[in-house]
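Chemist: Contents of run05.pdb (PDB, C-alpha atoms):
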MODEL        1
ATOM      1  CA  MET A   1       8.425 -22.232 -11.673
ATOM      2  CA  LYS A   2       9.061 -18.762 -10.235
ATOM      3  CA  LYS A   3      11.674 -18.141 -12.912
ATOM      4  CA  ILE A   4       9.166 -18.823 -15.678
ATOM      5  CA  VAL A   5       6.552 -16.618 -14.017
ATOM      6  CA  ALA A   6       9.098 -13.816 -13.619
ATOM      7  CA  PHE A   7      10.210 -14.185 -17.246
ATOM      8  CA  ILE A   8       6.648 -14.045 -18.580
ATOM      9  CA  LEU A   9       5.778 -11.138 -16.283
ATOM     10  CA  ILE A  10       8.762  -9.121 -17.493
ATOM     11  CA  VAL A  11       8.016  -9.813 -21.146
ATOM     12  CA  VAL A  12       4.299  -9.019 -20.955
ATOM     13  CA  LEU A  13       4.625  -6.018 -18.660
ATOM     14  CA  GLY A  14       7.654  -4.753 -20.560
ATOM     15  CA  TYR A  15       5.802  -4.940 -23.856
ATOM     16  CA  LEU A  16       2.808  -3.095 -22.475
ATOM     17  CA  LEU A  17       4.815  -0.412 -20.695
ATOM     18  CA  THR A  18       7.209   0.322 -23.548
ATOM     19  CA  SER A  19       4.421   0.299 -26.124
ATOM     20  CA  PHE A  20       2.564   3.096 -24.356
ATOM     21  CA  GLY A  21       5.345   4.827 -22.424
ATOM     22  CA  PRO A  22       9.019   5.723 -22.631
ATOM     23  CA  TRP A  23      11.648   3.080 -23.349
ATOM     24  CA  TYR A  24      13.124   3.074 -19.856
ATOM     25  CA  LEU A  25       9.940   1.639 -18.325
ATOM     26  CA  ILE A  26      11.413  -1.768 -19.145
ATOM     27  CA  ALA A  27      13.297  -1.357 -15.853
ATOM     28  CA  LEU A  28       9.975  -1.129 -14.015
ATOM     29  CA  ALA A  29       8.846  -4.357 -15.669
ATOM     30  CA  GLY A  30      12.108  -5.959 -14.598
ATOM     31  CA  PHE A  31      11.603  -4.700 -11.069
ATOM     32  CA  ALA A  32       8.131  -6.258 -10.923
ATOM     33  CA  GLY A  33       9.512  -9.527 -12.242
ATOM     34  CA  GLY A  34      12.386  -9.404  -9.778
ATOM     35  CA  LEU A  35       9.951  -9.155  -6.880
ATOM     36  CA  VAL A  36       8.785 -12.672  -7.736
ATOM     37  CA  LEU A  37      12.320 -13.985  -7.177
ATOM     38  CA  LYS A  38      14.231 -13.863  -3.916
ATOM     39  CA  ASN A  39      17.704 -13.698  -5.413
ATOM     40  CA  GLN A  40      19.063 -10.625  -7.143
ATOM     41  CA  TRP A  41      21.492 -12.661  -9.291
ATOM     42  CA  LYS A  42      18.716 -14.841 -10.650
ATOM     43  CA  GLY A  43      16.721 -11.658 -11.187
ATOM     44  CA  LEU A  44      19.586 -10.098 -13.106
ATOM     45  CA  PHE A  45      19.885 -13.119 -15.388
ATOM     46  CA  ILE A  46      16.159 -13.665 -15.940
ATOM     47  CA  GLY A  47      15.537  -9.931 -16.396
ATOM     48  CA  PHE A  48      18.392  -9.575 -18.866
ATOM     49  CA  LEU A  49      17.225 -12.561 -20.867
ATOM     50  CA  ALA A  50      13.593 -11.398 -20.932
ATOM     51  CA  GLY A  51      14.465  -7.801 -21.824
ATOM     52  CA  PHE A  52      16.941  -8.855 -24.502
ATOM     53  CA  ILE A  53      14.537 -11.244 -26.193
ATOM     54  CA  LEU A  54      11.623  -8.815 -25.925
ATOM     55  CA  TRP A  55      13.489  -5.903 -27.451
ATOM     56  CA  ALA A  56      15.225  -7.966 -30.128
ATOM     57  CA  ILE A  57      11.912  -9.358 -31.380
ATOM     58  CA  HIS A  58      10.061  -6.053 -30.981
ATOM     59  CA  ILE A  59      12.684  -4.018 -32.838
ATOM     60  CA  TYR A  60      13.068  -6.637 -35.556
ATOM     61  CA  ILE A  61       9.312  -6.666 -36.198
ATOM     62  CA  MET A  62       9.153  -2.872 -36.243
ATOM     63  CA  SER A  63      12.103  -2.490 -38.598
ATOM     64  CA  SER A  64      11.062  -5.268 -40.977
ATOM     65  CA  SER A  65       7.421  -4.184 -41.202
ATOM     66  CA  SER A  66       8.272  -0.645 -42.265
ATOM     67  CA  LYS A  67       9.752   0.164 -45.635
ATOM     68  CA  SER A  68      11.874   2.915 -44.134
ATOM     69  CA  ASP A  69      15.644   2.997 -44.345
ATOM     70  CA  LEU A  70      15.878   4.593 -40.896
ATOM     71  CA  PRO A  71      17.517   1.553 -39.234
ATOM     72  CA  SER A  72      20.246   1.571 -41.883
ATOM     73  CA  ARG A  73      20.808   5.291 -41.419
ATOM     74  CA  MET A  74      20.946   4.903 -37.628
ATOM     75  CA  ALA A  75      23.509   2.132 -38.061
ATOM     76  CA  GLU A  76      25.588   4.489 -40.203
ATOM     77  CA  ILE A  77      25.388   7.223 -37.546
ATOM     78  CA  PHE A  78      26.688   4.825 -34.886
ATOM     79  CA  THR A  79      29.285   3.459 -37.344
ATOM     80  CA  LEU A  80      27.851  -0.045 -37.201
ATOM     81  CA  PRO A  81      28.300  -2.324 -40.222
ATOM     82  CA  ASN A  82      24.571  -3.019 -40.688
ATOM     83  CA  ASP A  83      21.181  -2.659 -39.045
ATOM     84  CA  THR A  84      21.284  -6.190 -37.574
ATOM     85  CA  ILE A  85      24.066  -5.081 -35.244
ATOM     86  CA  LEU A  86      21.937  -2.053 -34.331
ATOM     87  CA  ILE A  87      19.116  -4.413 -33.318
ATOM     88  CA  LEU A  88      21.528  -6.446 -31.157
ATOM     89  CA  VAL A  89      22.946  -3.335 -29.485
ATOM     90  CA  SER A  90      19.456  -2.030 -28.779
ATOM     91  CA  ALA A  91      18.424  -5.429 -27.406
ATOM     92  CA  LEU A  92      21.516  -5.381 -25.182
ATOM     93  CA  VAL A  93      20.416  -2.035 -23.737
ATOM     94  CA  GLY A  94      16.908  -3.381 -23.114
ATOM     95  CA  GLY A  95      18.334  -6.493 -21.500
ATOM     96  CA  LEU A  96      20.589  -4.503 -19.197
ATOM     97  CA  MET A  97      17.766  -2.194 -18.140
ATOM     98  CA  ALA A  98      15.400  -5.078 -17.402
ATOM     99  CA  GLY A  99      18.168  -7.042 -15.710
ATOM    100  CA  PHE A 100      19.158  -4.223 -13.391
ATOM    101  CA  GLY A 101      15.513  -3.581 -12.573
ATOM    102  CA  ALA A 102      14.983  -7.259 -11.791
ATOM    103  CA  ALA A 103      18.127  -7.346  -9.661
ATOM    104  CA  ALA A 104      16.810  -4.396  -7.677
ATOM    105  CA  GLY A 105      13.448  -6.115  -7.235
ATOM    106  CA  GLY A 106      15.094  -9.367  -6.157
ATOM    107  CA  SER A 107      17.343  -7.521  -3.741
ATOM    108  CA  LEU A 108      14.387  -5.723  -2.205
ATOM    109  CA  ARG A 109      12.470  -8.978  -1.830
ATOM    110  CA  LYS A 110      15.506 -10.673  -0.282
ATOM    111  CA  GLY A 111      15.967  -7.770   2.135
ATOM    112  CA  MET A 112      12.330  -7.772   3.159
ATOM    113  CA  THR A 113      12.169 -11.518   3.811
ATOM    114  CA  SER A 114      15.472 -11.798   5.675
ATOM    115  CA  LYS A 115      14.437  -9.473   8.511
TER     116      LYS A 115
ENDMDL
END
How would this structure read if it were set down as structure tokens?
Modeler:
Amino acid sequence: MKKIVAFILIVVLGYLLTSFGPWYLIALAGFAGGLVLKNQWKGLFIGFLAGFILWAIHIYIMSSSSKSDLPSRMAEIFTLPNDTILILVSALVGGLMAGFGAAAGGSLRKGMTSK
């Protein structure tokens, strides 16, 4: 049950923070979600999964709703074959940031409860 709560917390908080702030605030959302868990490895996995799914869906919706060719041009700059790979790479970055934040939160919670 804590895993589901942490997942939902990371997704909701991550969406709110990155909608109104810089992109790296996804790590703060992961940290808050990681505090729910007591294990940093579970936090890393849950945070990565939540951040990856959140960013993949968010970026896909943003790129498909606009008629701009910016995603295709960005894919060309990074020498990626198409903009779908760009979405996956961006989602990987979001997943890593949220995962590392959640691992830090889980580690802090584990350290505080073990003493």
Chemist: Which residue out of A:Lys42, A:His58, A:Lys2, A:Lys67 has the minimum interatomic distance to Gly14 (chain A) when only C-alpha atoms are used?
Modeler: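 Selected residue with least distance to Gly14 (chain A): A:His58.
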Chemist: For this file, the PyMOL selection byres ((chain A and resi 33-36) around 10) selects which residues, as JSON, numbers by chain?
Modeler: {"A": [2, 3, 4, 5, 6, 7, 8, 9, 10, 11, 13, 14, 27, 28, 29, 30, 31, 32, 37, 38, 39, 40, 41, 42, 43, 44, 46, 47, 50, 98, 99, 100, 101, 102, 103, 104, 105, 106, 107, 108, 109, 110]}
Chemist: Quick one: pull the distance between CA of Ala91 (chain A) and CA of Ile26 (chain A), Å, one decimal.
Modeler: 11.4 Å
Chemist: What is the distance, in Å and to one decimal place, between CA of Phe45 (chain A) and CA of Asn82 (chain A)?
Modeler: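 Straight-line distance from CA of Phe45 (chain A) to CA of Asn82 (chain A) works out to 27.6 Å.
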Chemist: By how many Å are CA of Phe48 (chain A) and CA of Val93 (chain A) apart?
Modeler: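 Atom-to-atom, CA of Phe48 (chain A) to CA of Val93 (chain A), that is 9.2 Å.
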Chemist: Put a box with edges along x, y and z around all the listed atoms of region 58-63 of chain A, pad it by 8 Å on each side, then give me its centre and sizes in Å, one decimal, as AutoDock Vina command-line options.
Modeler:
--center_x 11.1 --center_y -4.6 --center_z -34.8 --size_x 19.9 --size_y 20.2 --size_z 23.6
Chemist: Any chance you could work out the residue set of the PyMOL selection byres ((chain A and resi 84) around 12) here, as a list in words?
Modeler: Ala56, Ile57, Ile59, Tyr60, Ser63, Ser64, Pro71, Ser72, Met74, Ala75, Glu76, Leu80, Pro81, Asn82, Asp83, Ile85, Leu86, Ile87, Leu88, Val89, Ser90 and Ala91 of chain A
Chemist: Could you pull the residues within 6 Å of Gly94 (chain A), counting all atoms listed in the file, minus those fewer than 2 positions along the same chain, as a list of chain:residue names?
Modeler: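 Using all atoms listed in the file, the neighbours found are A:Gly51, A:Phe52, A:Ala91, A:Leu92, A:Leu96, A:Met97.
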